[in-house]
Amino acid sequence: MVQKPILEAHELCAQYGETPILQGADFSLQAGEIVSIIGRNGVGKTTLMKCLIGLLRATSGSIVFRGVDITRTSANDRAKMGIGYIPQGRGLFPRLTVSENLMVGELIGGKNGAKLYDLVYNFFPVLAERKSQVAGTMSGGQQQMLAIGRALVGSPNLILLDEPSEGIQPSIVQEIAANMREVSKQLGIAIVLVEQNINMIRLLAQRCYVMNKGRIIKEITVAELEDPEVVRRHLSV
Ligand SMILES: Nc1ncnc2c1ncn2[C@@H]1O[C@H](COP(=O)(O)OP(=O)(O)OP(=O)(O)O)[C@@H](O)[C@H]1O
Ligand SMILES: [Mg+2]
């Protein structure tokens with residue numbers, strides 16, 4: 001059976017001012033699939049994510065989501081169509097409580113996410129325990145779980161997850177990876193995982209694209225990351 005990809009980026013180009021950053025990035029993933037985009041610092045991973053969610057305009061190329069060209073669709077509408085975005089650094093409202101941050105996610109997704117709150121609290125019990133805690137006072141790992149929860153209440157089919165392991169201790173990285181795998185499996189959510197943390201990639205990704213100088217230069221298997229030479233070449237570790 002030939003599957004239709006949930007997301008396709010075709011020769012995507014984008015720039016800040018006059019400086020080209022994305023220079024023909026090309027990749028796709030299937031519904032429910034978890035694919036990692038790896039690459040050293042500054043190669044354009046976050047820029048690609050911003051372009052996919054619509055915070056940065058593509059100067060050329062196209063983005064197709066579930067068969068619909070969304071290259072010129074607003075970020076707001078992309079979110080309503082089912083794309084969740086968890087930015088690098090998490091982008092929480094530090095002075096809002098856990099439950100208030102989740103409400104923002106529900107508004108962004110534009111759907112009635114009431115039953116999804118229970119689901120988020122089930123996947124991340126620590127959030128249920130801390131519903132009225134102000135987000136900025138929680139640990140890095142708890143904040144990352146909240147950022148994920150906030151995307152989930154928007155009821156996405158696809159999540160763009162940018163360096164979730166950043167600033168998080170290894171045991172929590174493992175916990176978050178396991179939770180995300182379960183989320184993806186149970187809800188059929190596809191994930192584009194931008195990562196440099198080898199453990200997170202190992203635990204979560206099903207395959208990897210390597211990014212360099214604003215392009216996807218090749219695809220590798222997760223098993224290939226067992227080779228220290230491959231890791232040295234493609235990650236800033
Ligand atoms: N808002 C911006 N304005 C101008 N240049 C930017 C902006 N954001 C990023 N850049 C530049 O674009 C290039 C790609 O940055 P980007 O953040 O996409 O890289 P990255 O692969 O996500 O890096 P990291 O692994 O450090 O997160 C870098 O040279 C960066 O300095
Ligand atoms: Mg980045």
# chains A, B, ... in the order shown; residues from 1 in each chain; ligands from 1
call {"tool": "residues_near_ligand", "arguments": {"ligand": "ligand 1", "cutoff": "10 Å", "atoms": "only C-alpha atoms and all ligand atoms", "output": "PyMOL selection string"}}
result
chain A and resi 14-22+37-51+56+88-89+162-163+166+194-196+211-214+235-236
call {"tool": "write_last_selection", "arguments": {"atoms": "C-alpha atoms", "output": "PDB file, in the first residue's frame"}}
result
ATOM      1  CA  ALA A  14      13.830  30.963   3.648  1.00  0.00           C
ATOM      2  CA  GLN A  15      15.948  33.852   4.805  1.00  0.00           C
ATOM      3  CA  TYR A  16      16.364  36.439   7.542  1.00  0.00           C
ATOM      4  CA  GLY A  17      16.672  39.801   5.831  1.00  0.00           C
ATOM      5  CA  GLU A  18      19.038  39.221   2.940  1.00  0.00           C
ATOM      6  CA  THR A  19      20.727  36.198   4.504  1.00  0.00           C
ATOM      7  CA  PRO A  20      19.587  32.896   3.009  1.00  0.00           C
ATOM      8  CA  ILE A  21      19.272  30.145   5.625  1.00  0.00           C
ATOM      9  CA  LEU A  22      17.081  27.393   4.185  1.00  0.00           C
ATOM     10  CA  ILE A  37      16.125  16.120  12.028  1.00  0.00           C
ATOM     11  CA  ILE A  38      19.678  16.232  13.270  1.00  0.00           C
ATOM     12  CA  GLY A  39      22.543  18.554  12.531  1.00  0.00           C
ATOM     13  CA  ARG A  40      25.105  20.784  14.155  1.00  0.00           C
ATOM     14  CA  ASN A  41      24.404  24.165  15.763  1.00  0.00           C
ATOM     15  CA  GLY A  42      23.314  26.846  13.342  1.00  0.00           C
ATOM     16  CA  VAL A  43      22.605  24.630  10.300  1.00  0.00           C
ATOM     17  CA  GLY A  44      19.005  25.873  10.145  1.00  0.00           C
ATOM     18  CA  LYS A  45      16.959  23.322  12.111  1.00  0.00           C
ATOM     19  CA  THR A  46      14.940  25.894  14.057  1.00  0.00           C
ATOM     20  CA  THR A  47      14.545  28.008  10.941  1.00  0.00           C
ATOM     21  CA  LEU A  48      13.047  24.966   9.199  1.00  0.00           C
ATOM     22  CA  MET A  49      10.579  24.477  12.068  1.00  0.00           C
ATOM     23  CA  LYS A  50       9.565  28.154  11.975  1.00  0.00           C
ATOM     24  CA  CYS A  51       9.010  27.894   8.268  1.00  0.00           C
ATOM     25  CA  LEU A  56       8.804  32.606   8.811  1.00  0.00           C
ATOM     26  CA  GLN A  88      13.112  25.522  21.190  1.00  0.00           C
ATOM     27  CA  GLY A  89      13.187  27.044  24.688  1.00  0.00           C
ATOM     28  CA  ASP A 162      12.424  21.539  18.624  1.00  0.00           C
ATOM     29  CA  GLU A 163      15.231  20.292  20.921  1.00  0.00           C
ATOM     30  CA  GLU A 166      17.790  21.097  25.998  1.00  0.00           C
ATOM     31  CA  VAL A 194      14.764  18.314  16.004  1.00  0.00           C
ATOM     32  CA  GLU A 195      17.429  16.976  18.353  1.00  0.00           C
ATOM     33  CA  GLN A 196      21.115  16.778  19.119  1.00  0.00           C
ATOM     34  CA  MET A 211      20.662  18.792   7.941  1.00  0.00           C
ATOM     35  CA  ASN A 212      23.621  20.902   6.876  1.00  0.00           C
ATOM     36  CA  LYS A 213      23.795  24.452   5.509  1.00  0.00           C
ATOM     37  CA  GLY A 214      20.055  24.778   5.159  1.00  0.00           C
ATOM     38  CA  LEU A 235      26.017  16.457  15.802  1.00  0.00           C
ATOM     39  CA  SER A 236      27.655  19.130  17.970  1.00  0.00           C
TER      40      SER A 236
END
call {"tool": "residues_around", "arguments": {"residues": "Ile176 of chain A", "least_positions_apart": "4", "cutoff": "10 Å", "atoms": "only C-alpha atoms", "output": "ChimeraX atom specification"}}
result
/A:123-124,141-142,144-145,148,164-165,168,170-172,180-182,200,203-204
call {"tool": "write_last_selection", "arguments": {"atoms": "N, CA and C atoms", "output": "PDB file, in the first residue's frame"}}
result
ATOM      1  N   PHE A 123      -0.839  11.434  30.840  1.00  0.00           N
ATOM      2  CA  PHE A 123       0.511  11.214  30.310  1.00  0.00           C
ATOM      3  C   PHE A 123       1.563  11.856  31.215  1.00  0.00           C
ATOM      4  N   PHE A 124       1.226  13.000  31.772  1.00  0.00           N
ATOM      5  CA  PHE A 124       2.187  13.734  32.610  1.00  0.00           C
ATOM      6  C   PHE A 124       1.556  14.050  33.971  1.00  0.00           C
ATOM      7  N   GLY A 141      12.489  20.024  33.081  1.00  0.00           N
ATOM      8  CA  GLY A 141      11.774  18.848  32.582  1.00  0.00           C
ATOM      9  C   GLY A 141      10.267  19.023  32.688  1.00  0.00           C
ATOM     10  N   GLN A 142       9.829  19.569  33.827  1.00  0.00           N
ATOM     11  CA  GLN A 142       8.385  19.780  34.011  1.00  0.00           C
ATOM     12  C   GLN A 142       7.863  20.817  33.015  1.00  0.00           C
ATOM     13  N   GLN A 144       9.091  21.368  30.072  1.00  0.00           N
ATOM     14  CA  GLN A 144       9.027  20.733  28.749  1.00  0.00           C
ATOM     15  C   GLN A 144       7.763  19.892  28.636  1.00  0.00           C
ATOM     16  N   MET A 145       7.417  19.179  29.720  1.00  0.00           N
ATOM     17  CA  MET A 145       6.180  18.382  29.698  1.00  0.00           C
ATOM     18  C   MET A 145       4.974  19.288  29.494  1.00  0.00           C
ATOM     19  N   ILE A 148       4.743  20.361  25.912  1.00  0.00           N
ATOM     20  CA  ILE A 148       4.193  19.259  25.105  1.00  0.00           C
ATOM     21  C   ILE A 148       2.685  19.168  25.329  1.00  0.00           C
ATOM     22  N   PRO A 164      13.704  19.233  22.507  1.00  0.00           N
ATOM     23  CA  PRO A 164      13.048  19.097  23.817  1.00  0.00           C
ATOM     24  C   PRO A 164      14.009  18.746  24.939  1.00  0.00           C
ATOM     25  N   SER A 165      15.163  18.178  24.628  1.00  0.00           N
ATOM     26  CA  SER A 165      16.077  17.725  25.688  1.00  0.00           C
ATOM     27  C   SER A 165      16.920  18.854  26.268  1.00  0.00           C
ATOM     28  N   ILE A 168      17.763  19.690  30.163  1.00  0.00           N
ATOM     29  CA  ILE A 168      17.019  18.713  30.968  1.00  0.00           C
ATOM     30  C   ILE A 168      17.926  17.559  31.365  1.00  0.00           C
ATOM     31  N   PRO A 170      19.393  13.838  32.263  1.00  0.00           N
ATOM     32  CA  PRO A 170      19.244  12.621  31.466  1.00  0.00           C
ATOM     33  C   PRO A 170      18.063  11.721  31.849  1.00  0.00           C
ATOM     34  N   SER A 171      17.794  11.555  33.146  1.00  0.00           N
ATOM     35  CA  SER A 171      16.701  10.648  33.510  1.00  0.00           C
ATOM     36  C   SER A 171      15.358  11.199  33.020  1.00  0.00           C
ATOM     37  N   ILE A 172      15.234  12.512  33.019  1.00  0.00           N
ATOM     38  CA  ILE A 172      13.973  13.129  32.570  1.00  0.00           C
ATOM     39  C   ILE A 172      13.872  13.090  31.044  1.00  0.00           C
ATOM     40  N   MET A 180       6.486  10.594  24.979  1.00  0.00           N
ATOM     41  CA  MET A 180       6.172  11.048  23.628  1.00  0.00           C
ATOM     42  C   MET A 180       5.906   9.869  22.692  1.00  0.00           C
ATOM     43  N   ARG A 181       6.667   8.797  22.910  1.00  0.00           N
ATOM     44  CA  ARG A 181       6.439   7.607  22.073  1.00  0.00           C
ATOM     45  C   ARG A 181       5.031   7.064  22.272  1.00  0.00           C
ATOM     46  N   GLU A 182       4.624   7.047  23.537  1.00  0.00           N
ATOM     47  CA  GLU A 182       3.301   6.550  23.896  1.00  0.00           C
ATOM     48  C   GLU A 182       2.211   7.475  23.326  1.00  0.00           C
ATOM     49  N   MET A 200      17.829  10.905  23.269  1.00  0.00           N
ATOM     50  CA  MET A 200      16.468  11.259  22.865  1.00  0.00           C
ATOM     51  C   MET A 200      16.182  10.713  21.472  1.00  0.00           C
ATOM     52  N   LEU A 203      15.793   6.897  21.538  1.00  0.00           N
ATOM     53  CA  LEU A 203      14.588   6.421  22.207  1.00  0.00           C
ATOM     54  C   LEU A 203      13.316   6.750  21.443  1.00  0.00           C
ATOM     55  N   LEU A 204      13.379   7.796  20.636  1.00  0.00           N
ATOM     56  CA  LEU A 204      12.130   8.287  20.047  1.00  0.00           C
ATOM     57  C   LEU A 204      12.040   8.131  18.525  1.00  0.00           C
TER      58      LEU A 204
END
call {"tool": "select_by_dssp", "arguments": {"residues": "segment 66-113 of chain A", "states": "strand (DSSP E)", "output": "list in words"}}
result
Val68, Asp69, Ile83, Gly84, Tyr85 and Ile86 of chain A
call {"tool": "closest_residue", "arguments": {"among": "A:Met103, A:Cys13, A:Thr137, A:Met81", "to": "Arg57 of chain A", "atoms": "only C-alpha atoms"}}
result
A:Cys13
call {"tool": "closest_residue", "arguments": {"among": "A:Glu8, A:Gly105, A:Leu193, A:Arg72", "to": "ligand 2", "atoms": "only C-alpha atoms and all ligand atoms"}}
result
A:Leu193
call {"tool": "atom_distance", "arguments": {"atom1": "atom CA of Asp69 of chain A", "atom2": "atom CA of Ile34 of chain A"}}
result
21.4 Å
call {"tool": "select_by_dssp", "arguments": {"residues": "segment 37-107 of chain A", "states": "helix (DSSP H, G or I)", "output": "list in words"}}
result
Lys45, Thr46, Thr47, Leu48, Met49, Lys50, Cys51, Leu52, Ile53, Ala75, Asn76, Asp77, Arg78, Ala79, Lys80, Met81, Val98, Ser99, Glu100, Asn101, Leu102, Met103, Val104, Gly105, Glu106 and Leu107 of chain A
call {"tool": "residues_around", "arguments": {"residues": "Gly82 of chain A", "least_positions_apart": "4", "cutoff": "7 Å", "atoms": "only C-alpha atoms", "output": "list of chain:residue names"}}
result
A:Arg78, A:Ser155, A:Pro156, A:Asn157, A:Leu158
call {"tool": "closest_residue", "arguments": {"among": "A:Leu146, A:Ala178, A:Val104, A:Leu161", "to": "ligand 2", "atoms": "only C-alpha atoms and all ligand atoms"}}
result
A:Leu161
call {"tool": "atom_distance", "arguments": {"atom1": "atom CA of Lys4 of chain A", "atom2": "atom CA of Val222 of chain A"}}
result
22.6 Å
call {"tool": "residues_around", "arguments": {"residues": "Leu152 of chain A", "least_positions_apart": "2", "cutoff": "12 Å", "atoms": "only C-alpha atoms", "output": "ChimeraX atom specification"}}
result
/A:79,82-86,101-121,123-124,145-150,154-161,180,183-184,187-191
call {"tool": "write_last_selection", "arguments": {"atoms": "N, CA and C atoms", "output": "compact mmCIF listing (two decimals), in the first residue's frame"}}
result
# COMPACT_ATOMS: atom_id res chain seq x y z
N ALA A 79 -2.07 25.82 12.72
CA ALA A 79 -2.35 25.22 14.03
C ALA A 79 -3.76 24.63 14.04
N GLY A 82 -4.15 21.34 12.43
CA GLY A 82 -3.65 20.16 13.14
C GLY A 82 -2.15 20.05 13.29
N ILE A 83 -1.45 21.20 13.17
CA ILE A 83 -0.01 21.16 13.40
C ILE A 83 0.29 21.81 14.76
N GLY A 84 0.91 21.07 15.64
CA GLY A 84 1.31 21.60 16.94
C GLY A 84 2.78 21.97 16.90
N TYR A 85 3.13 23.06 17.57
CA TYR A 85 4.53 23.53 17.53
C TYR A 85 5.02 23.70 18.96
N ILE A 86 6.14 23.05 19.25
CA ILE A 86 6.76 23.20 20.57
C ILE A 86 8.15 23.80 20.33
N ASN A 101 -1.61 27.81 31.03
CA ASN A 101 -0.80 27.56 29.84
C ASN A 101 -1.49 26.54 28.92
N LEU A 102 -2.11 25.53 29.53
CA LEU A 102 -2.83 24.54 28.71
C LEU A 102 -4.01 25.18 27.98
N MET A 103 -4.69 26.11 28.66
CA MET A 103 -5.83 26.79 28.02
C MET A 103 -5.39 27.56 26.79
N VAL A 104 -4.20 28.16 26.87
CA VAL A 104 -3.67 28.89 25.71
C VAL A 104 -3.53 27.92 24.54
N GLY A 105 -3.03 26.72 24.82
CA GLY A 105 -2.86 25.71 23.78
C GLY A 105 -4.18 25.32 23.15
N GLU A 106 -5.21 25.23 23.98
CA GLU A 106 -6.54 24.88 23.47
C GLU A 106 -7.04 25.97 22.53
N LEU A 107 -6.81 27.23 22.91
CA LEU A 107 -7.24 28.35 22.06
C LEU A 107 -6.51 28.32 20.73
N ILE A 108 -5.19 28.05 20.78
CA ILE A 108 -4.39 28.03 19.56
C ILE A 108 -4.91 26.96 18.60
N GLY A 109 -5.21 25.79 19.16
CA GLY A 109 -5.68 24.69 18.31
C GLY A 109 -7.09 24.91 17.80
N GLY A 110 -7.85 25.78 18.48
CA GLY A 110 -9.19 26.13 18.03
C GLY A 110 -10.20 25.00 18.17
N LYS A 111 -9.88 23.99 18.97
CA LYS A 111 -10.82 22.88 19.13
C LYS A 111 -11.22 22.79 20.59
N ASN A 112 -12.30 22.09 20.85
CA ASN A 112 -12.69 21.87 22.23
C ASN A 112 -11.81 20.78 22.80
N GLY A 113 -10.83 21.20 23.57
CA GLY A 113 -9.85 20.23 24.06
C GLY A 113 -10.15 19.69 25.44
N ALA A 114 -11.42 19.89 25.92
CA ALA A 114 -11.72 19.53 27.32
C ALA A 114 -11.27 18.11 27.67
N LYS A 115 -11.60 17.15 26.79
CA LYS A 115 -11.24 15.79 27.16
C LYS A 115 -9.75 15.53 27.02
N LEU A 116 -9.09 16.42 26.28
CA LEU A 116 -7.65 16.25 26.11
C LEU A 116 -6.87 16.66 27.36
N TYR A 117 -7.47 17.48 28.21
CA TYR A 117 -6.79 17.85 29.45
C TYR A 117 -6.53 16.59 30.28
N ASP A 118 -7.57 15.73 30.39
CA ASP A 118 -7.42 14.49 31.17
C ASP A 118 -6.29 13.65 30.61
N LEU A 119 -6.26 13.61 29.28
CA LEU A 119 -5.24 12.82 28.62
C LEU A 119 -3.84 13.35 28.93
N VAL A 120 -3.70 14.67 28.85
CA VAL A 120 -2.40 15.29 29.15
C VAL A 120 -2.02 15.01 30.61
N TYR A 121 -2.99 15.16 31.50
CA TYR A 121 -2.71 14.91 32.92
C TYR A 121 -2.38 13.44 33.18
N PHE A 123 -0.84 11.43 30.84
CA PHE A 123 0.51 11.21 30.31
C PHE A 123 1.56 11.86 31.22
N PHE A 124 1.23 13.00 31.77
CA PHE A 124 2.19 13.73 32.61
C PHE A 124 1.56 14.05 33.97
N MET A 145 7.42 19.18 29.72
CA MET A 145 6.18 18.38 29.70
C MET A 145 4.97 19.29 29.49
N LEU A 146 5.00 20.45 30.13
CA LEU A 146 3.89 21.40 29.97
C LEU A 146 3.83 21.92 28.53
N ALA A 147 4.99 22.20 27.96
CA ALA A 147 5.02 22.68 26.57
C ALA A 147 4.44 21.61 25.63
N ILE A 148 4.74 20.36 25.91
CA ILE A 148 4.19 19.26 25.11
C ILE A 148 2.69 19.17 25.33
N GLY A 149 2.29 19.25 26.59
CA GLY A 149 0.86 19.20 26.94
C GLY A 149 0.08 20.32 26.24
N ARG A 150 0.69 21.49 26.20
CA ARG A 150 0.02 22.64 25.59
C ARG A 150 -0.22 22.40 24.10
N GLY A 154 -4.33 21.13 21.75
CA GLY A 154 -4.77 21.66 20.46
C GLY A 154 -5.18 20.56 19.49
N SER A 155 -5.08 19.29 19.93
CA SER A 155 -5.48 18.12 19.14
C SER A 155 -4.78 18.00 17.78
N PRO A 156 -3.45 18.00 17.80
CA PRO A 156 -2.70 17.96 16.53
C PRO A 156 -2.61 16.55 15.91
N ASN A 157 -2.38 16.51 14.60
CA ASN A 157 -2.03 15.25 13.93
C ASN A 157 -0.53 15.16 13.74
N LEU A 158 0.11 16.33 13.87
CA LEU A 158 1.55 16.43 13.66
C LEU A 158 2.10 17.40 14.70
N ILE A 159 3.22 17.01 15.33
CA ILE A 159 3.87 17.91 16.29
C ILE A 159 5.28 18.22 15.80
N LEU A 160 5.62 19.49 15.82
CA LEU A 160 6.98 19.93 15.51
C LEU A 160 7.66 20.21 16.84
N LEU A 161 8.66 19.40 17.16
CA LEU A 161 9.26 19.44 18.50
C LEU A 161 10.74 19.80 18.38
N MET A 180 6.49 10.59 24.98
CA MET A 180 6.17 11.05 23.63
C MET A 180 5.91 9.87 22.69
N VAL A 183 2.44 8.78 23.45
CA VAL A 183 1.50 9.78 22.91
C VAL A 183 1.31 9.54 21.41
N SER A 184 2.44 9.40 20.71
CA SER A 184 2.39 9.23 19.27
C SER A 184 1.66 7.95 18.89
N LEU A 187 -2.26 8.13 20.00
CA LEU A 187 -3.09 9.14 19.32
C LEU A 187 -2.78 9.21 17.83
N GLY A 188 -1.81 8.42 17.38
CA GLY A 188 -1.46 8.43 15.95
C GLY A 188 -0.86 9.75 15.49
N ILE A 189 -0.15 10.42 16.39
CA ILE A 189 0.42 11.73 16.05
C ILE A 189 1.82 11.55 15.46
N ALA A 190 2.06 12.20 14.32
CA ALA A 190 3.40 12.20 13.73
C ALA A 190 4.24 13.28 14.43
N ILE A 191 5.55 13.04 14.51
CA ILE A 191 6.42 14.00 15.18
C ILE A 191 7.65 14.30 14.32
call {"tool": "atom_distance", "arguments": {"atom1": "atom CA of Gly54 of chain A", "atom2": "atom CA of Gln186 of chain A"}}
result
27.1 Å
